[in-house]
Structures are given as C-alpha cells and as structure tokens.
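Visitor: Once you've had a glance at the structure underneath, I'll fire off some questions.
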Amino acid sequence: MLLEAIYHQSKSHYAYAYNPTTLHIRVRTKRNDMDNVYLIHGDKYKFQPDYINTTKMKKFASDTLFDYYHAEVKPPYRRFAYCFRFESGDEVMHYNEVGFQEEGFDSKEGIGMLDSPSGMFEFPFLNPIDVNTPPEWVKDAIFYQIFPERFGNGDPSLNPTNVEPWSEDVDPTPQNFFGGDLQGVIDHLDYLVELGINAIYFTPIFEATTNHKYDTIDYLKVDPHFGDNALAKKMVDEAHKRGIKIMLDAVFNHSGFFFPPFQDVLKHGEKSKYTDWFHLREFPVKTEPVPNYDAFAFVSHMPKLNTEHPEVKAYLLEVARYWIEDIGADGWRLDVANEVDHQFWREFRQVVKKANPEAYILGEVWHNSMPWLQGDQFDAVMNYPVTNSILEFFCKGSIDAQQFMGRLDQMQIAYPKQVNEVAFNLLDSHDTPRLLTIAGNDKNRMKLAATFQLTYMGSPCIYYGDEIGMDGGQDPGCRKPMVWEENKQDKDLFTFYQQLISLRKEHRALRDGSFQFLSAETGQRYVAYERSDDKDRFLIILNSDEKEQVITLTGVKDGAFRDVVANERYQVSGGTLEVNVPALSSLILKDQ
Ligand code: ARE
C-alpha cells in the first residue's frame with residue numbers, strides 16, 4: 001500500500017455538497033493498489049461506535065498514476081465526521097486528518113482513532129445556500145455558438161461600409177466585415193430548430209469597432225451594425241418561443257479603446273475623473289510601443305478595467321442585470337474570466353441570480369478552474385481540457401485509449417459532479433481552428449469526435465457551420481461567413497448531427513446518466529463506454545483506428561441491444577460482447 005499516494009481534502013472537490021441533503025466524498029489512492037476502500041462516518045457530535053456507519057466506496061475514476069474512490073452519503077443531521085479504511089491483501093490502514101494508523105474502531109486496543117471526532121475529517125455543516133446548484137436546464141442544453149458578424153445578413157441597410165461579398169471564398173481577415181446581424185439570426189432560427197439545438201451562445205453583440213466586438217464601446221447598446229436593443233429583445237423572444245435559450249458574452253476584463261471613460265483618460269490625462277477606472281501606470285497614457293497601462297494581453301485597444309472600483313463595478317453590474325432582467329437573456333459567458341478579481345464575480349453572481357435564478361454563468365477559463373466553481377462564482381467553465389483530450393484522441397491520434405480515459409477521468413475528479421453535469425463541452429470555437437480542419441479534413445474523424453461529445457455528460461456546443469462541413473484554421477480563418485447555399489452544404493453531416501442531437505434529447509441517459517468506460521486500453525485506438533439511467537442503457541464503441549477492430553468487451557451486464565443506426569440486434573451474454581467495428585466508425589447500441 002503506497003501511503004504517499006493517498007490524498008483527501010475536506011470542503012474541496014474531494015468532499016462537497018452535491019445538493020442540500022447529499023455529500024460526495026472522494027479519496028485518491030495509487031492506481032491498482034487497493035482491494036477495498038471504505039468510508040467510516042458519523043455525526044461529529046456523536047462519533048461513537050454504535051452510531052458509526054461504514055460505506056464501501058466505489059472506484060469511479062483512474063488516471064495514469066491514481067485511482068479515485070467515491071461515496072455518496074446523506075448525513076441525517078447535516079453534520080459529518082469521517083475517516084477512511086483501506087484494504088490491500090493482508091494490509092489494513094485507516095486514515096484521518098491526523099494521519100495513518102493500522103487499528104480502527106474494531107481493534108482489540110479499543111476504538112483507537114475513532115473514539116473521538118477530534119482527529120476526523122469533517123464536513124462541519126451542510127448549509128444549502130453554499131451548495132453549488134447550477135440551473136437544471138443546462139443539463140439538457142445543446143448549445144450552438146454564433147459569431148454574429150458571420151451568421152446571417154438579415155438587414156443589409158445596417159451593413160458596415162466596404163462589406164465583403166457573403167462568400168466562403170473571401171478570406172476573413174482581422175479587419176474585414178461581412179454584414180451579419182441579429183435579423184440574420186432571427187431569419188435562421190427555424191434552421192436551428194431543424195438542427196435540434198436548444199441554446200445559443202453569442203460572442204459579443206454590444207457596440208464596438210471590430211468585427212468580433214470584444215472591444216466594447218457601450219455595454220448597454222447593441223452594435224448598430226447588428227441592430228438595436230429592441231431587435232435584441234425580439235430575437236430573445238423569438239428564440240424563447242422556439243424553446244431556445246440565449247447566452248451572451250460579458251467582456252468585463254477590459255473595455256474597448258473607444259469606451260468613453262478611456263477616451264476621457266486619453267484626453268484629460270491625470271485630470272480625468274476616470275483615471276481609477278483603469279490600471280494606468282504613468283502619464284501621459286501611451287499606446288506605443290507597448291501600452292503603459294494594463295490591457296488584455298498587450299493589445300492597446302483593450303484597456304483592462306479596474307473591477308475593484310465601486311463605480312466600475314456598479315456600471316458593469318447594471319449591465320449584467322439589464323440584459324438578463326430587461327432583455328431576457330438566459331446566461332452570461334464571461335470573457336477572460338480568470339483575470340478578473342474573484343470578489344467582482346461573487347457580486348456579479350448575486351446580481352445575475354437575483355435577476356433570474358435560472359441564469360447560467362459560464363467562465364472562459366482554459367485550465368483547471370476549481371477556485372471559481374465553489375458555488376459563489378461560476379456554474380461551469382468552457383471545458384477546454386476535455387476539448388483537447390477529445391481532439392487528441394479522435395482527430396490527431398496523439399494519445400491512446402488509456403491516456404484518453406485518464407485525461408477525462410482527471411476532469412471528473414477535478415470538479416464536483418454538478419459542475420461536470422453542466423460543463424460547456426466545445427470542440428472548437430471562434431478562438432480555435434474548426435473541428436473539420438483539426439481532423440485533417442477527415443469527416444469520419446470529425447464524426448467520431450462529435451459522437452463522443454454528444455454522448456458524453458456536460459452541455460455540448462456546436463460551432464456555427466460545423467454541421468454543414470465548414471472548415472477554417474486559427475482565428476481569423478475559423479470565422480468565415482455561414483454557408484447558406486444548400487448545394488454547398490454537406491447534407492450528410494447535417495443529418496448526422498441532427499440524428500445525434502435528437503438521440504441525446506430523447507434519452508436522459510446520454511445527458512446526465514452514469515458514464516463508465518468499458519474499454520480504454522494502452523496502445524489501443526478504440527474506446528467503449530456505457531451510459532445509463534433507470535430507463536435506458538447505451539453501449540457506445542468508437543473506433544478511431546485506421547483498421548477494422550474486433551472488440552471484445554467483458555464485465556458488461558447481460559441484455560439485448562439494438563444498433564440505433566442499422567437497427568441490428570446484439571446480445572450481451574455471460575458479461576461478454578464481441579463486435580466488429582470498421583475503421584474510423586462508431587457503434588451506438590441501445591438496450592431493448
Ligand atoms: C487578435 C488577432 C490574433 C492575435 C491577437 C493578439 O486576431 O491573431 O493573436 O489579436 O494581438 C478578441 C478577438 C481576437 C483578437 C483579440 C485581441 O476575438 O481575434 O485577437 O480579441 O484583439 C487566452 C485568454 C482568453 C482569450 C484567448 C484568445 O485567456 O481569455 O487567449 N479568449 C477571449 C475571447 C477571444 C477574445 C478575447 C478573449 C479578448 O474568446 O475571442 O479575442 O477579448 C492557452 C492559454 C489561454 C489562452 C489560450 C488561447 O491555453 O492558457 O489563456 O487564452 O491558450 O490563446
């Protein structure tokens with residue numbers, strides 16, 4: 001037993017409230033080290049032998065070095081004291097906050113380390129207000145990301161000057177405009193209904209100079225090239241009528257160069273009443289050769305806002321409230337979320353959840369984000385670590401099945417379960433090359449990645465145009481205008497997405513059912529996993545290898561299954577299923 005590998009931390013992603021009555025407790029051990037792991041628990045004010053319970057923990061995740069065990073408990077008095085018992089061969093070890101010892105409460109020496117709760121780990125009290133409770137609807141959401149300048153041109157009278165022809169043959173550049181607007185989105189809402197998505201994530205729609213609008217001038221006004229606030233309200237209402245939620249982009253880390261307070265600073269220097277709105281280092285304020293004020297990266301036209309300043313805070317919090325309460329948006333995606341102070345986000349959450357308790361707060365953080373996910377700031381983050389694992393396994397072939405499983409399991413353990421249930425699982429975005437391009441233009445690889453994404457937990461997001469075969473490299477290449485000519489759309493891909501989306505919508509098991517790998521072996525290029533709830537059971541096998549594979553799954557619960565595409569019958573008996581899966585293809589089996 002390798003004691004050095006054992007890890008637990010109370011009131012963290014290793015011990016958290018899943019809901020107002022349930023605690024989740026996790027512990028880490030060396031991979032394949034333990035035969036059994038138990039949680040020994042009781043009330044912290046009555047931690048006596050007769051009142052102590054033992055719950056067997058389940059191994060629920062593994063990565064290259066470690067196994068992770070999990071138990072769910074419902075402490076009757078909402079207070080909780082606990083320790084662990086590990087069994088490996090003849091060895092037995094107990095572990096509490098003080099450390100390790102062999103004897104437990106049943107030892108001949110007496111109740112040993114369990115006779116007093118003083119050495120125990122504790123979850124002191126389960127207070128409902130502290131529980132991270134993301135909105136329920138997000139579990140069912142299938143997002144579609146729209147970059148508004150490039151989705152549809154519904155009102156040419158709003159076109160910027162020198163607008164390019166709406167054609168995928170014209171290269172998008174950092175500067176050019178194609179004329180997309182909000183009317184263009186309204187005009188195509190029925191297309192999105194046909195595809196099946198039920199939520200839209202918009203990159204910024206507020207007044208700004210650039211085509212991407214991340215350089216805000218006025219946070220309370222729709223960009224005049226996109227329409228006006230009344231049209232935004234109409235778009236939200238039209239979307240809601242069709243069962244589609246709307247999430248907007250909050251760019252609160254920085255403003256644009258032409259944000260009036262920043263212009264005031266440029267004009268009046270030290271005398272400006274807005275000097276504290278930014279992080280200015282010296283006067284006069286200079287943009288060249290590098291800005292002498294804090295900015296997004298080194299981008300001079302994006303001065304960083306001082307979100308600790310009461311006036312800045314009041315202004316931005318009113319923005320946060322306005323678009324949710326008055327316009328009816330259902331959520332905020334927070335740009336450069338990890339560079340804004342935590343206190344600002346805490347107050348932001350209060351304002352947004354007051355305006356609409358069901359609003360979704362999604363942080364743009366590309367890394368492990370636990371400090372923002374404790375229930376007082378974000379509901380979830382853009383899940384780029386999962387994105388990268390999916391792309392590396394299915395599109396690039398740079399990791400094997402076992403590494404893939406380990407990487408995904410690491411994200412399972414990294415966050416509380418309720419966060420993973422609403423994690424924003426994208427495969428590409430306006431900041432990355434398109435999925436088809438990452439897949440080396442191999443549609444089969446793209447389909448495998450999308451199949452995994454749409455049968456995995458979390459909220460999948462499809463970047464506009466992926467569903468009809470659009471390609472494109474890194475920004476700005478990934479921002480071509482949407483292809484609307486039917487003869488140029490890849491209909492096969494559209495139908496593929498449509499069918500998968502509808503399968504996910506029909507079966508809750510594919511959304512927040514349990515997820516269990518059945519096969520993810522070292523050196524292999526295929527994976528198999530089971531998704532199930534009390535109604536349905538799916539066995540999904542994805543072969544990312546260039547060769548056909550004969551795959552034998554063992555330890556599967558017996559039953560009759562049908563292939564959801566070809567409708568062929570499969571039987572699991574004696575816990576075994578043998579299937580032939582052609583190169584670069586998938587098999588989705590549903591129980592009968
Ligand atoms: C423009 C050019 C780029 C050029 C850049 C810098 O297009 O080619 O590299 O300028 O000069 C917006 C526009 C971009 C624009 C940018 C600056 O959409 O087109 O780029 O403004 O004018 C990090 C941040 C993350 C950020 C990404 C891009 O942490 O917040 O970089 N994403 C958001 C939005 C962007 C937006 C901005 C921020 C600014 O989604 O669209 O850009 O408002 C690693 C790091 C991450 C890093 C990630 C990507 O994993 O860990 O921190 O994200 O790579 O680089």
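Note on naming: chains are A, B, ... as they come in the structure tokens, residues start from 1 per chain, ligands start from 1 in the order shown.
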At most 7 Å is the cut-off: for each residue in chain A with any atom that close to an atom of ligand 1, write down the nearest atom pair and the distance in Å rounded to one decimal, counting only C-alpha atoms and all ligand atoms, chain first then increasing number, as a tab-separated table.
Guide:
residue	atom	partner	partner_atom_place_in_ligand_line	distance
A:Pro174	CA	ligand 1	7 (O)	5.4
A:His212	CA	ligand 1	18 (O)	5.4
A:Tyr214	CA	ligand 1	43 (O)	4.6
A:Asp215	CA	ligand 1	43 (O)	6.8
A:Val251	CA	ligand 1	43 (O)	6.4
A:Phe296	CA	ligand 1	39 (C)	6.4
A:Ala297	CA	ligand 1	6 (C)	7.0
A:Phe298	CA	ligand 1	11 (O)	7.0
A:Val299	CA	ligand 1	11 (O)	5.7
A:Asp335	CA	ligand 1	33 (C)	5.4
A:Val336	CA	ligand 1	30 (O)	3.4
A:Ala337	CA	ligand 1	30 (O)	6.8
A:Glu364	CA	ligand 1	30 (O)	6.2
A:Val365	CA	ligand 1	29 (O)	6.6
A:Trp366	CA	ligand 1	50 (O)	5.5
A:His367	CA	ligand 1	51 (O)	6.6
A:His430	CA	ligand 1	41 (O)	6.2
A:Asp431	CA	ligand 1	41 (O)	5.4
A:Asp475	CA	ligand 1	7 (O)	5.7
A:Pro476	CA	ligand 1	7 (O)	5.9
Visitor: For the selection just defined, write its residues with N, CA and C atoms to a file, as a PDB file, in the first residue's frame.
Guide:
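What follows is the written file part-v7.pdb:
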ATOM      1  N   PRO A 174      -8.468  39.909 -39.880  1.00  0.00           N
ATOM      2  CA  PRO A 174      -8.804  40.528 -38.582  1.00  0.00           C
ATOM      3  C   PRO A 174      -9.658  41.791 -38.753  1.00  0.00           C
ATOM      4  N   HIS A 212     -15.219  41.372 -34.274  1.00  0.00           N
ATOM      5  CA  HIS A 212     -15.530  40.404 -33.206  1.00  0.00           C
ATOM      6  C   HIS A 212     -16.191  41.056 -31.993  1.00  0.00           C
ATOM      7  N   TYR A 214     -15.072  42.444 -29.288  1.00  0.00           N
ATOM      8  CA  TYR A 214     -14.521  42.257 -27.939  1.00  0.00           C
ATOM      9  C   TYR A 214     -13.919  43.563 -27.397  1.00  0.00           C
ATOM     10  N   ASP A 215     -14.095  44.653 -28.139  1.00  0.00           N
ATOM     11  CA  ASP A 215     -13.561  45.955 -27.713  1.00  0.00           C
ATOM     12  C   ASP A 215     -14.738  46.908 -27.486  1.00  0.00           C
ATOM     13  N   VAL A 251     -17.799  40.927 -21.636  1.00  0.00           N
ATOM     14  CA  VAL A 251     -16.373  41.239 -21.750  1.00  0.00           C
ATOM     15  C   VAL A 251     -16.048  42.298 -20.694  1.00  0.00           C
ATOM     16  N   PHE A 296      -5.735  43.722 -22.118  1.00  0.00           N
ATOM     17  CA  PHE A 296      -5.824  42.302 -22.440  1.00  0.00           C
ATOM     18  C   PHE A 296      -4.561  41.965 -23.222  1.00  0.00           C
ATOM     19  N   ALA A 297      -3.812  40.975 -22.800  1.00  0.00           N
ATOM     20  CA  ALA A 297      -2.508  40.645 -23.376  1.00  0.00           C
ATOM     21  C   ALA A 297      -1.715  41.965 -23.522  1.00  0.00           C
ATOM     22  N   PHE A 298      -1.222  42.261 -24.713  1.00  0.00           N
ATOM     23  CA  PHE A 298      -0.549  43.546 -24.920  1.00  0.00           C
ATOM     24  C   PHE A 298      -1.328  44.375 -25.927  1.00  0.00           C
ATOM     25  N   VAL A 299      -2.642  44.107 -25.982  1.00  0.00           N
ATOM     26  CA  VAL A 299      -3.485  44.732 -27.002  1.00  0.00           C
ATOM     27  C   VAL A 299      -3.921  46.120 -26.511  1.00  0.00           C
ATOM     28  N   ASP A 335     -15.853  36.544 -20.512  1.00  0.00           N
ATOM     29  CA  ASP A 335     -14.605  36.604 -21.274  1.00  0.00           C
ATOM     30  C   ASP A 335     -13.407  36.814 -20.338  1.00  0.00           C
ATOM     31  N   VAL A 336     -12.295  36.141 -20.643  1.00  0.00           N
ATOM     32  CA  VAL A 336     -11.062  36.252 -19.842  1.00  0.00           C
ATOM     33  C   VAL A 336     -11.405  36.202 -18.346  1.00  0.00           C
ATOM     34  N   ALA A 337     -12.271  35.271 -17.994  1.00  0.00           N
ATOM     35  CA  ALA A 337     -12.860  35.251 -16.655  1.00  0.00           C
ATOM     36  C   ALA A 337     -11.824  35.138 -15.542  1.00  0.00           C
ATOM     37  N   GLU A 364     -14.955  31.735 -19.012  1.00  0.00           N
ATOM     38  CA  GLU A 364     -13.977  31.313 -20.018  1.00  0.00           C
ATOM     39  C   GLU A 364     -12.632  31.128 -19.312  1.00  0.00           C
ATOM     40  N   VAL A 365     -12.366  29.903 -18.915  1.00  0.00           N
ATOM     41  CA  VAL A 365     -11.076  29.580 -18.300  1.00  0.00           C
ATOM     42  C   VAL A 365     -10.606  28.310 -18.998  1.00  0.00           C
ATOM     43  N   TRP A 366      -9.399  28.314 -19.500  1.00  0.00           N
ATOM     44  CA  TRP A 366      -8.913  27.180 -20.301  1.00  0.00           C
ATOM     45  C   TRP A 366      -8.248  26.115 -19.447  1.00  0.00           C
ATOM     46  N   HIS A 367      -8.130  26.386 -18.159  1.00  0.00           N
ATOM     47  CA  HIS A 367      -7.394  25.477 -17.265  1.00  0.00           C
ATOM     48  C   HIS A 367      -8.292  25.004 -16.137  1.00  0.00           C
ATOM     49  N   HIS A 430     -14.567  30.259 -31.978  1.00  0.00           N
ATOM     50  CA  HIS A 430     -14.011  31.376 -32.748  1.00  0.00           C
ATOM     51  C   HIS A 430     -12.547  31.629 -32.397  1.00  0.00           C
ATOM     52  N   ASP A 431     -12.036  30.926 -31.378  1.00  0.00           N
ATOM     53  CA  ASP A 431     -10.635  31.099 -30.964  1.00  0.00           C
ATOM     54  C   ASP A 431      -9.742  29.941 -31.399  1.00  0.00           C
ATOM     55  N   ASP A 475      -8.119  31.576 -35.826  1.00  0.00           N
ATOM     56  CA  ASP A 475      -8.637  32.940 -35.966  1.00  0.00           C
ATOM     57  C   ASP A 475      -7.666  33.754 -36.808  1.00  0.00           C
ATOM     58  N   PRO A 476      -8.092  34.401 -37.904  1.00  0.00           N
ATOM     59  CA  PRO A 476      -9.478  34.623 -38.322  1.00  0.00           C
ATOM     60  C   PRO A 476     -10.048  33.566 -39.278  1.00  0.00           C
TER      61      PRO A 476
END
Visitor: Given the choices A:Tyr526, A:Phe494, A:Phe259, A:Tyr191, which gets closest to Asp400 of chain A if the distance is worked out from only C-alpha atoms?
Guide: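 Among the listed residues, A:Tyr526 lies closest to Asp400 of chain A.
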Visitor: Would you mind listing what lies within 8 Å of segment 193-210 of chain A as a PyMOL selection string, with only C-alpha atoms counted and same-chain residues fewer than 4 positions away left out?
Guide: chain A and resi 141-148+175+189+214-224+226+242-251+256+258+333+494+497-498+501-502
Visitor: What lies within 7 Å of Pro261 of chain A using only C-alpha atoms, ignoring chain neighbours under 3 positions off, as an NGL selection string?
Guide: :A and (264-265 or 274)
Visitor: Take the residues just selected and output them with N, CA and C atoms as a compact mmCIF listing (two decimals), in the first residue's frame.
Guide:
# COMPACT_ATOMS: atom_id res chain seq x y z
N ASP A 264 -11.82 59.62 -22.27
CA ASP A 264 -11.70 60.75 -21.33
C ASP A 264 -10.30 60.77 -20.71
N VAL A 265 -9.81 59.60 -20.37
CA VAL A 265 -8.47 59.49 -19.79
C VAL A 265 -7.42 59.93 -20.82
N TYR A 274 -11.88 59.55 -14.61
CA TYR A 274 -11.93 58.10 -14.84
C TYR A 274 -10.57 57.42 -14.67
Visitor: Using only C-alpha atoms, which residues sit within 9 Å of Leu500 of chain A once same-chain residues fewer than 4 positions away are excluded, as a PyMOL selection string?
Guide: chain A and resi 450-451+454-455+495-496+504-505
Visitor: Quick one: residues within 8 Å of Asp33 of chain A, only C-alpha atoms counted, chain neighbours fewer than 5 positions away excluded, as an mmCIF file with C-alpha atoms, in the first residue's frame?
Guide:
data_model
loop_
_atom_site.group_PDB
_atom_site.id
_atom_site.type_symbol
_atom_site.label_atom_id
_atom_site.label_comp_id
_atom_site.auth_asym_id
_atom_site.auth_seq_id
_atom_site.Cartn_x
_atom_site.Cartn_y
_atom_site.Cartn_z
ATOM 1 C CA MET A 1 0.000 0.000 0.000
ATOM 2 C CA LEU A 2 1.555 3.269 -1.030
ATOM 3 C CA SER A 88 -4.887 -4.310 0.242
#
Visitor: Tell me which protein, DNA and RNA residues are within 8 Å of Leu584 of chain A, counting only C-alpha atoms, leaving out same-chain ones fewer than 2 positions away, and put them as an mmCIF file with N, CA and C atoms, in the first residue's frame.
Guide:
data_model
loop_
_atom_site.group_PDB
_atom_site.id
_atom_site.type_symbol
_atom_site.label_atom_id
_atom_site.label_comp_id
_atom_site.auth_asym_id
_atom_site.auth_seq_id
_atom_site.Cartn_x
_atom_site.Cartn_y
_atom_site.Cartn_z
ATOM 1 N N ASN A 444 -14.765 11.378 -41.141
ATOM 2 C CA ASN A 444 -15.003 10.271 -40.204
ATOM 3 C C ASN A 444 -14.442 10.587 -38.823
ATOM 4 N N ARG A 445 -13.259 11.178 -38.827
ATOM 5 C CA ARG A 445 -12.661 11.549 -37.535
ATOM 6 C C ARG A 445 -13.491 12.632 -36.856
ATOM 7 N N LEU A 448 -16.465 11.029 -35.307
ATOM 8 C CA LEU A 448 -16.163 10.303 -34.069
ATOM 9 C C LEU A 448 -16.083 11.268 -32.884
ATOM 10 N N LEU A 542 -16.361 3.398 -30.084
ATOM 11 C CA LEU A 542 -15.832 4.319 -31.090
ATOM 12 C C LEU A 542 -14.445 3.844 -31.513
ATOM 13 N N ASN A 543 -14.327 3.519 -32.783
ATOM 14 C CA ASN A 543 -13.049 3.016 -33.286
ATOM 15 C C ASN A 543 -12.321 4.117 -34.042
ATOM 16 N N SER A 544 -11.289 4.652 -33.416
ATOM 17 C CA SER A 544 -10.538 5.753 -34.010
ATOM 18 C C SER A 544 -9.303 5.228 -34.757
ATOM 19 N N ASP A 545 -9.272 3.913 -34.954
ATOM 20 C CA ASP A 545 -8.135 3.269 -35.640
ATOM 21 C C ASP A 545 -8.388 3.255 -37.148
ATOM 22 N N GLU A 546 -7.288 3.228 -37.914
ATOM 23 C CA GLU A 546 -7.388 3.164 -39.380
ATOM 24 C C GLU A 546 -7.801 1.768 -39.837
ATOM 25 N N LYS A 547 -7.819 0.801 -38.905
ATOM 26 C CA LYS A 547 -8.169 -0.587 -39.264
ATOM 27 C C LYS A 547 -9.461 -0.995 -38.561
ATOM 28 N N GLU A 548 -10.145 -1.959 -39.197
ATOM 29 C CA GLU A 548 -11.296 -2.544 -38.528
ATOM 30 C C GLU A 548 -10.828 -3.233 -37.245
ATOM 31 N N PRO A 582 -15.832 -1.290 -38.032
ATOM 32 C CA PRO A 582 -14.969 -0.869 -39.134
ATOM 33 C C PRO A 582 -14.092 0.322 -38.757
ATOM 34 N N SER A 586 -18.326 4.230 -35.666
ATOM 35 C CA SER A 586 -18.862 4.070 -34.319
ATOM 36 C C SER A 586 -20.054 3.134 -34.310
#
Visitor: Nearest residue to Glu339 of chain A out of A:Asn441, A:Asn253, A:Asn292, A:Thr29, using only C-alpha atoms?
Guide: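 Smallest distance to Glu339 of chain A is found for A:Asn253.
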Visitor: Could you state the separation of atom CA of His225 of chain A and atom CA of Glu164 of chain A in Å, given to one decimal place?
Guide: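 So the answer is 14.0 Å.
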Visitor: Name the residues of segment 416-512 of chain A that come out as helix (DSSP H, G or I) in a backbone DSSP run; write them as a PyMOL selection string.
Guide: chain A and resi 417-421+435-438+443-454+466-468+477-479+486-488+491-506+509-512
Visitor: Could you produce a table of the residues of segment 405-520 of chain A lying within 12 Å of segment 532-541 of chain A, with the nearest pair of atoms per residue and their separation in Å rounded to one decimal, using only C-alpha atoms, ordered by chain and increasing residue number, as CSV?
Guide:
residue,atom,partner,partner_atom,distance
A:Leu448,CA,A:Ile541,CA,9.9
A:Thr451,CA,A:Ile540,CA,9.4
A:Phe452,CA,A:Ile540,CA,8.8
A:Leu454,CA,A:Ile540,CA,11.5
A:Thr455,CA,A:Ile540,CA,8.4
A:Tyr456,CA,A:Ile540,CA,10.4
A:Met457,CA,A:Ser532,CA,11.3
A:Leu503,CA,A:Phe538,CA,11.1
A:Arg504,CA,A:Phe538,CA,11.2
A:Glu506,CA,A:Asp536,CA,10.5
A:His507,CA,A:Asp536,CA,7.4
A:Arg508,CA,A:Asp533,CA,7.4
A:Ala509,CA,A:Ser532,CA,4.8
A:Leu510,CA,A:Ser532,CA,7.2
A:Arg511,CA,A:Ser532,CA,9.4
A:Asp512,CA,A:Asp533,CA,8.1
A:Gly513,CA,A:Asp533,CA,4.8
A:Ser514,CA,A:Ser532,CA,5.3
A:Phe515,CA,A:Ser532,CA,7.0
A:Gln516,CA,A:Ser532,CA,8.9
A:Phe517,CA,A:Ile540,CA,9.5
A:Leu518,CA,A:Leu539,CA,8.6
A:Ser519,CA,A:Ile541,CA,8.7
A:Ala520,CA,A:Ile541,CA,10.4
Visitor: Based on the backbone DSSP call, show me all residues of segment 351-487 of chain A assigned strand (DSSP E), as a PyMOL selection string.
Guide: chain A and resi 360-363+380-381+424-426+459-463
Visitor: Can you measure atom CA of Leu553 of chain A to atom CA of Tyr68 of chain A for me? One decimal in Å is fine.
Guide: 22.6 Å
Visitor: Taking into account only C-alpha atoms, which residue in the set A:Lys58, A:Arg150, A:His254, A:Lys11 is nearest to Tyr463 of chain A?
Guide: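 With only C-alpha atoms as the atom set, the closest residue is A:Arg150.
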Visitor: Record the distance separating atom CA of Lys491 of chain A and atom CA of Arg525 of chain A, expressed in Å with one decimal.
Guide: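 Atom CA of Arg525 of chain A lies 28.2 Å from atom CA of Lys491 of chain A.
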Visitor: Would you mind telling me which residue in A:Ala355, A:Ile413, A:Val290, A:Val131 lies nearest to Leu317 of chain A when using only C-alpha atoms?
Guide: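 Checking each candidate against Leu317 of chain A, we get A:Ala355 as the closest.
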Visitor: Of the residues A:Tyr7, A:Phe262, A:Tyr464, A:Tyr384, which is the one nearest to His279 of chain A, using only C-alpha atoms?
Guide: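 Nearest to His279 of chain A: A:Phe262.
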